[in-house]
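Notes to accompany the following structure.
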Amino acid sequence: MNKLTIEPSGGGVGAFVSGIDLNGKISADDISSVRNALGDHGVLFLRNQKISSEQHIAFAEQFAEININRFFTPVADYPKIAEVRKEPDQKKNIGGGWHTDHSYDTDPAIGSILLALETPPTGGDTIFASMYSAYETLSDGLKETLSRLRATHSSRHVFGPDAPRFKEKDNDIGDRLRNADTATQDAVHPMIIRHPISGRKALFVNPGFTVGIEGWAEKESKALLEMLYEHAKQPEHLYRFQWAPGSIAFWDNRATWHHAVNDYHGERRLMHRVTLRGEALAA
Ligand SMILES: [Fe+2]
């Protein structure tokens, strides 16, 4: 039997996992190692996993219950799997900006296990950023200030009926997103969280869903958040993952951001995403 190996990506975030076959039975020890590696590295990459939807769901359920994203259209016959798809004639992609999934929920999802089924010949990479190193490379003074602050996160401006994207002329998201009328709730989280698996501190604000700092005026919030975003997306915190059919990225929303690069117009890209239910986050 192959031995589970976890090798850091060499970039600012993530690790490659080998010696695991999701077609077969995975030992409790290996599941525990994968969970700890997720907490340590923020995102795990696996190659050549040609698995069924049942196997995808079964693997995910060994970590947590599945969170069914209310905005993503599911795969036919598999309500637990969200479809992430871009057709050759579509211009807009899903996830094409820096964000952390589900920070708009009071109990943000742990993360997602995204499986590539069809990938363009070139392009369509996903870039990940470490919110551990983003935090750790701030000054002690700013860390101290941020440790007392909380931020508000929302889905309204991204998935709600008034989201700017629905007013854009070239919007062709179409049936890939749904339930705009359920984008109603906001969530408040500490700006610095203690990661539930690793116990390390991480920056927990993101350009996609964070809308302001609690108790601060809009322009004050905007200035500090913009500075943090510029800092967090510096190259030393990043790793760019290239997909192929059978590739998996298993990321932790509490330790990373991601950005789906939209550079493959005219080609089809099809991924299946299973998302794990999370918990409230504490400083
Ligand atoms: Fe995402």
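Ligands are numbered from 1 in the order shown, residues from 1 within each chain, and chains are lettered A, B, ... in the order they appear in the structure tokens.
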Can you write out as a tab-separated table which residues of chain A fall within 10 Å of ligand 1, alongside each residue's closest atom pair and its distance in Å to one decimal, counting only C-alpha atoms and all ligand atoms and ordering rows by chain and ascending residue number?
```
residue	atom	partner	partner_atom_place_in_ligand_line	distance
A:Val84	CA	ligand 1	1 (Fe)	9.6
A:Ile94	CA	ligand 1	1 (Fe)	7.4
A:Gly95	CA	ligand 1	1 (Fe)	4.8
A:Gly96	CA	ligand 1	1 (Fe)	8.2
A:Gly97	CA	ligand 1	1 (Fe)	8.7
A:Trp98	CA	ligand 1	1 (Fe)	8.4
A:His99	CA	ligand 1	1 (Fe)	6.4
A:Thr100	CA	ligand 1	1 (Fe)	6.1
A:Asp101	CA	ligand 1	1 (Fe)	4.8
A:His102	CA	ligand 1	1 (Fe)	8.3
A:Gly111	CA	ligand 1	1 (Fe)	9.3
A:Ser112	CA	ligand 1	1 (Fe)	8.5
A:Leu114	CA	ligand 1	1 (Fe)	9.8
A:Thr126	CA	ligand 1	1 (Fe)	9.7
A:Gly208	CA	ligand 1	1 (Fe)	9.2
A:Trp251	CA	ligand 1	1 (Fe)	9.8
A:Asn253	CA	ligand 1	1 (Fe)	8.9
A:Trp257	CA	ligand 1	1 (Fe)	8.2
A:His258	CA	ligand 1	1 (Fe)	6.4
A:His259	CA	ligand 1	1 (Fe)	7.2
A:Ala260	CA	ligand 1	1 (Fe)	7.7
A:Arg273	CA	ligand 1	1 (Fe)	9.6
```
Dump of N, CA and C atoms for the selected residues, as a PDB file, in the first residue's frame:
```
ATOM      1  N   VAL A  84     -19.447  23.904 -11.160  1.00  0.00           N
ATOM      2  CA  VAL A  84     -18.692  25.105 -11.519  1.00  0.00           C
ATOM      3  C   VAL A  84     -18.303  24.922 -12.985  1.00  0.00           C
ATOM      4  N   ILE A  94     -17.026  31.804 -12.619  1.00  0.00           N
ATOM      5  CA  ILE A  94     -17.430  31.822 -11.214  1.00  0.00           C
ATOM      6  C   ILE A  94     -16.149  31.868 -10.379  1.00  0.00           C
ATOM      7  N   GLY A  95     -16.098  32.796  -9.443  1.00  0.00           N
ATOM      8  CA  GLY A  95     -14.922  32.853  -8.556  1.00  0.00           C
ATOM      9  C   GLY A  95     -13.773  33.643  -9.145  1.00  0.00           C
ATOM     10  N   GLY A  96     -14.051  34.514 -10.136  1.00  0.00           N
ATOM     11  CA  GLY A  96     -12.993  35.266 -10.801  1.00  0.00           C
ATOM     12  C   GLY A  96     -12.628  36.558 -10.084  1.00  0.00           C
ATOM     13  N   GLY A  97     -12.236  36.466  -8.865  1.00  0.00           N
ATOM     14  CA  GLY A  97     -11.785  37.623  -8.067  1.00  0.00           C
ATOM     15  C   GLY A  97     -11.354  37.039  -6.735  1.00  0.00           C
ATOM     16  N   TRP A  98     -10.532  37.767  -5.990  1.00  0.00           N
ATOM     17  CA  TRP A  98     -10.080  37.210  -4.702  1.00  0.00           C
ATOM     18  C   TRP A  98     -11.241  37.112  -3.714  1.00  0.00           C
ATOM     19  N   HIS A  99     -11.408  35.968  -3.123  1.00  0.00           N
ATOM     20  CA  HIS A  99     -12.477  35.788  -2.134  1.00  0.00           C
ATOM     21  C   HIS A  99     -12.244  34.548  -1.282  1.00  0.00           C
ATOM     22  N   THR A 100     -13.043  34.450  -0.262  1.00  0.00           N
ATOM     23  CA  THR A 100     -13.130  33.263   0.586  1.00  0.00           C
ATOM     24  C   THR A 100     -14.579  32.823   0.539  1.00  0.00           C
ATOM     25  N   ASP A 101     -14.842  31.593   0.159  1.00  0.00           N
ATOM     26  CA  ASP A 101     -16.234  31.150   0.062  1.00  0.00           C
ATOM     27  C   ASP A 101     -16.927  31.220   1.422  1.00  0.00           C
ATOM     28  N   HIS A 102     -18.193  31.565   1.392  1.00  0.00           N
ATOM     29  CA  HIS A 102     -19.065  31.408   2.564  1.00  0.00           C
ATOM     30  C   HIS A 102     -18.722  32.278   3.776  1.00  0.00           C
ATOM     31  N   GLY A 111     -14.501  24.468   4.029  1.00  0.00           N
ATOM     32  CA  GLY A 111     -13.812  24.618   2.754  1.00  0.00           C
ATOM     33  C   GLY A 111     -14.495  23.754   1.720  1.00  0.00           C
ATOM     34  N   SER A 112     -13.841  23.578   0.590  1.00  0.00           N
ATOM     35  CA  SER A 112     -14.427  22.790  -0.486  1.00  0.00           C
ATOM     36  C   SER A 112     -13.423  21.809  -1.036  1.00  0.00           C
ATOM     37  N   LEU A 114     -12.755  20.508  -4.603  1.00  0.00           N
ATOM     38  CA  LEU A 114     -13.104  20.814  -6.000  1.00  0.00           C
ATOM     39  C   LEU A 114     -12.376  19.843  -6.916  1.00  0.00           C
ATOM     40  N   THR A 126      -6.172  28.160 -10.715  1.00  0.00           N
ATOM     41  CA  THR A 126      -6.697  28.834  -9.520  1.00  0.00           C
ATOM     42  C   THR A 126      -5.501  29.269  -8.671  1.00  0.00           C
ATOM     43  N   GLY A 208     -14.026  39.706  -1.663  1.00  0.00           N
ATOM     44  CA  GLY A 208     -15.299  39.274  -2.230  1.00  0.00           C
ATOM     45  C   GLY A 208     -16.495  39.609  -1.358  1.00  0.00           C
ATOM     46  N   TRP A 251      -9.484  23.011  -0.205  1.00  0.00           N
ATOM     47  CA  TRP A 251      -9.002  24.203   0.486  1.00  0.00           C
ATOM     48  C   TRP A 251      -9.797  24.489   1.750  1.00  0.00           C
ATOM     49  N   ASN A 253     -11.302  27.511   3.897  1.00  0.00           N
ATOM     50  CA  ASN A 253     -11.703  28.921   3.784  1.00  0.00           C
ATOM     51  C   ASN A 253     -11.168  29.776   4.918  1.00  0.00           C
ATOM     52  N   TRP A 257      -7.427  32.462   0.718  1.00  0.00           N
ATOM     53  CA  TRP A 257      -8.313  33.036  -0.296  1.00  0.00           C
ATOM     54  C   TRP A 257      -8.049  32.248  -1.581  1.00  0.00           C
ATOM     55  N   HIS A 258      -8.951  32.393  -2.554  1.00  0.00           N
ATOM     56  CA  HIS A 258      -8.662  31.862  -3.887  1.00  0.00           C
ATOM     57  C   HIS A 258      -9.228  32.784  -4.965  1.00  0.00           C
ATOM     58  N   HIS A 259      -8.698  32.608  -6.151  1.00  0.00           N
ATOM     59  CA  HIS A 259      -9.046  33.439  -7.312  1.00  0.00           C
ATOM     60  C   HIS A 259      -8.982  32.535  -8.543  1.00  0.00           C
ATOM     61  N   ALA A 260     -10.128  32.390  -9.221  1.00  0.00           N
ATOM     62  CA  ALA A 260     -10.185  31.548 -10.423  1.00  0.00           C
ATOM     63  C   ALA A 260      -9.829  32.407 -11.633  1.00  0.00           C
ATOM     64  N   ARG A 273     -17.901  20.712  -7.179  1.00  0.00           N
ATOM     65  CA  ARG A 273     -17.486  21.208  -5.867  1.00  0.00           C
ATOM     66  C   ARG A 273     -18.368  20.649  -4.753  1.00  0.00           C
TER      67      ARG A 273
END
```
Residue neighbourhood Pro235 of chain A, 9 Å, only C-alpha atoms, exclusion window fewer than 6 positions, as a PyMOL selection string: chain A and resi 11-12+129
From A:Leu177, A:Ala244, A:Ala151, A:Leu46, residue lying nearest Glu218 of chain A [only C-alpha atoms]: A:Ala151
DSSP-assigned strand (DSSP E) among segment 94-281 of chain A, expressed as a VMD selection string: chain A and resid 111 to 118 126 to 130 150 to 154 186 to 190 192 to 194 201 to 203 210 to 213 238 to 241 248 to 252 256 to 260 269 to 276
Close residues, Asn67 of chain A itself excluded, 8 Å, only C-alpha atoms, min 5 positions apart in chain, as an MDAnalysis selection string: chainID A and resid 80 109 274:277
Write the residues of the preceding selection, restricted to C-alpha atoms, as a CSV table (one decimal), in the first residue's frame.
```csv
chain,number,residue,atom,x,y,z
A,80,LYS,CA,-24.7,17.8,-2.6
A,109,ALA,CA,-18.0,26.5,5.6
A,274,VAL,CA,-18.4,19.6,-2.6
A,275,THR,CA,-18.4,22.0,0.4
A,276,LEU,CA,-18.0,21.1,4.1
A,277,ARG,CA,-20.1,22.6,6.8
```
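Residues in contact with Ala255 of chain A at 8 Å, where only C-alpha atoms are counted and same-chain residues fewer than 2 positions away are skipped, are listed as Gly39, Gly42, Ser130, Met131, Tyr132, His195, Ala202, Leu203, Phe204, Asp252, Asn253 and Trp257 of chain A.
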Name the residues in contact with segment 47-59 of chain A at a cut-off of 12 Å, using only C-alpha atoms, excluding same-chain residues fewer than 5 positions from it; report them as a PDB file with C-alpha atoms, in the first residue's frame.
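Contents of result12.pdb, as written:
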```
ATOM      1  CA  ALA A  15       0.853  21.150  -0.228  1.00  0.00           C
ATOM      2  CA  PHE A  16       0.642  18.198  -2.602  1.00  0.00           C
ATOM      3  CA  VAL A  17      -0.780  14.974  -1.234  1.00  0.00           C
ATOM      4  CA  SER A  18       0.209  11.650  -2.782  1.00  0.00           C
ATOM      5  CA  GLY A  19      -0.100   8.013  -1.777  1.00  0.00           C
ATOM      6  CA  ILE A  20      -3.868   8.259  -1.456  1.00  0.00           C
ATOM      7  CA  ASP A  21      -6.448   6.806  -3.863  1.00  0.00           C
ATOM      8  CA  LEU A  22      -9.981   8.101  -3.470  1.00  0.00           C
ATOM      9  CA  ASN A  23     -11.229   5.073  -5.413  1.00  0.00           C
ATOM     10  CA  GLY A  24     -10.292   2.876  -2.489  1.00  0.00           C
ATOM     11  CA  LYS A  25     -10.911   2.810   1.232  1.00  0.00           C
ATOM     12  CA  ILE A  26      -9.022   5.484   3.136  1.00  0.00           C
ATOM     13  CA  SER A  27      -7.874   4.674   6.655  1.00  0.00           C
ATOM     14  CA  ALA A  28      -8.932   6.761   9.636  1.00  0.00           C
ATOM     15  CA  ASP A  30      -4.971   8.966   6.629  1.00  0.00           C
ATOM     16  CA  ILE A  31      -8.150  11.043   7.039  1.00  0.00           C
ATOM     17  CA  VAL A  34      -5.231  14.974   5.623  1.00  0.00           C
ATOM     18  CA  ARG A  35      -7.282  17.050   8.084  1.00  0.00           C
ATOM     19  CA  ALA A  64     -17.768  16.962   7.941  1.00  0.00           C
ATOM     20  CA  GLU A  65     -21.376  17.169   6.877  1.00  0.00           C
ATOM     21  CA  ILE A  66     -21.898  18.662   3.441  1.00  0.00           C
ATOM     22  CA  ASN A  67     -23.018  22.268   3.109  1.00  0.00           C
ATOM     23  CA  ILE A  68     -25.220  22.714   0.061  1.00  0.00           C
ATOM     24  CA  PRO A  74     -26.208  21.581  -8.389  1.00  0.00           C
ATOM     25  CA  VAL A  75     -25.158  18.709 -10.614  1.00  0.00           C
ATOM     26  CA  ALA A  76     -28.192  16.794 -11.962  1.00  0.00           C
ATOM     27  CA  ASP A  77     -29.130  14.000  -9.513  1.00  0.00           C
ATOM     28  CA  TYR A  78     -26.471  15.109  -6.995  1.00  0.00           C
ATOM     29  CA  PRO A  79     -27.839  17.956  -4.873  1.00  0.00           C
ATOM     30  CA  LYS A  80     -24.734  17.758  -2.635  1.00  0.00           C
ATOM     31  CA  ILE A  81     -22.441  18.679  -5.545  1.00  0.00           C
ATOM     32  CA  ALA A  82     -22.296  22.208  -6.936  1.00  0.00           C
ATOM     33  CA  GLU A  83     -21.410  22.616 -10.592  1.00  0.00           C
ATOM     34  CA  SER A 112     -14.427  22.790  -0.486  1.00  0.00           C
ATOM     35  CA  ILE A 113     -13.166  19.758  -2.337  1.00  0.00           C
ATOM     36  CA  LEU A 114     -13.104  20.814  -6.000  1.00  0.00           C
ATOM     37  CA  LEU A 115     -12.632  18.094  -8.617  1.00  0.00           C
ATOM     38  CA  ALA A 116     -11.687  18.933 -12.204  1.00  0.00           C
ATOM     39  CA  LEU A 117     -13.601  16.998 -14.868  1.00  0.00           C
ATOM     40  CA  GLU A 118     -12.851  19.021 -18.015  1.00  0.00           C
ATOM     41  CA  PHE A 241      -2.383  25.619  -9.205  1.00  0.00           C
ATOM     42  CA  GLN A 242      -2.689  24.189 -12.712  1.00  0.00           C
ATOM     43  CA  TRP A 243      -5.563  21.782 -13.172  1.00  0.00           C
ATOM     44  CA  ALA A 244      -5.932  18.650 -15.261  1.00  0.00           C
ATOM     45  CA  PRO A 245      -8.863  16.232 -15.349  1.00  0.00           C
ATOM     46  CA  GLY A 246      -8.727  14.295 -12.066  1.00  0.00           C
ATOM     47  CA  SER A 247      -7.010  17.100 -10.150  1.00  0.00           C
ATOM     48  CA  ILE A 248      -8.456  18.024  -6.780  1.00  0.00           C
ATOM     49  CA  ALA A 249      -7.935  21.127  -4.662  1.00  0.00           C
ATOM     50  CA  PHE A 250      -9.175  20.762  -1.098  1.00  0.00           C
ATOM     51  CA  MET A 271     -15.568  21.212 -12.067  1.00  0.00           C
ATOM     52  CA  HIS A 272     -17.564  19.587  -9.286  1.00  0.00           C
ATOM     53  CA  ARG A 273     -17.486  21.208  -5.867  1.00  0.00           C
ATOM     54  CA  VAL A 274     -18.442  19.634  -2.551  1.00  0.00           C
ATOM     55  CA  THR A 275     -18.433  22.024   0.404  1.00  0.00           C
ATOM     56  CA  LEU A 276     -18.007  21.087   4.068  1.00  0.00           C
TER      57      LEU A 276
END
```
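In terms of minimum interatomic distance to Leu270 of chain A, A:Thr119 ranks closest within A:Leu142, A:Phe45, A:Thr119, A:Pro108, counting only C-alpha atoms.
A straight line drawn from atom CA of Ile6 of chain A to atom CA of Leu138 of chain A is 27.8 Å long.
The smallest atom-to-atom distance between Phe159 of chain A and any of A:Leu146, A:Phe71, A:Arg200, A:Ala134, using only C-alpha atoms, is found for A:Phe71.
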Shell around Tyr229 of chain A at 9 Å using only C-alpha atoms, local window under 4 positions removed, as a short mmCIF file (atom, residue, chain, number, x, y, z; two decimals) with N, CA and C atoms, in the first residue's frame:
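New file around_16.cif:
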```cif
data_model
loop_
_atom_site.label_atom_id
_atom_site.label_comp_id
_atom_site.auth_asym_id
_atom_site.auth_seq_id
_atom_site.Cartn_x
_atom_site.Cartn_y
_atom_site.Cartn_z
N VAL A 205 -10.56 38.52 6.49
CA VAL A 205 -11.36 39.45 5.69
C VAL A 205 -11.03 39.14 4.24
N ASN A 206 -11.94 39.43 3.32
CA ASN A 206 -11.64 39.13 1.91
C ASN A 206 -12.36 40.10 1.00
N PRO A 207 -11.75 40.37 -0.18
CA PRO A 207 -12.33 41.37 -1.09
C PRO A 207 -13.70 40.99 -1.62
N LEU A 224 -8.59 50.78 5.39
CA LEU A 224 -7.84 49.71 6.07
C LEU A 224 -7.97 48.39 5.32
N LEU A 225 -9.19 48.08 4.87
CA LEU A 225 -9.38 46.80 4.17
C LEU A 225 -8.56 46.77 2.88
N LYS A 233 -2.32 39.89 -1.02
CA LYS A 233 -2.13 39.28 -2.34
C LYS A 233 -0.72 39.45 -2.89
N GLN A 234 0.22 39.80 -2.05
CA GLN A 234 1.62 39.85 -2.49
C GLN A 234 2.10 38.45 -2.88
#
```
Glu87 of chain A environment, 12 Å, only C-alpha atoms, sequence neighbours closer than 3 positions dropped, as number ranges by chain: A: 84, 90-94, 118-120, 172-176, 262, 264-271
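Going from atom CA of Glu236 of chain A to atom CA of Arg194 of chain A covers 21.6 Å.
Counting only C-alpha atoms, the residue from A:Ile213, A:Val261, A:Ala163, A:Ala280 that sits nearest to Asp181 of chain A is A:Ala163.
Interatomic distance, atom CA of Phe128 of chain A to atom CA of Pro196 of chain A: 19.4 Å.
The nearest approach to Thr210 of chain A among the residues A:Pro190, A:Pro88, A:Pro164, A:Gly278, with only C-alpha atoms taken into account, belongs to A:Pro190.
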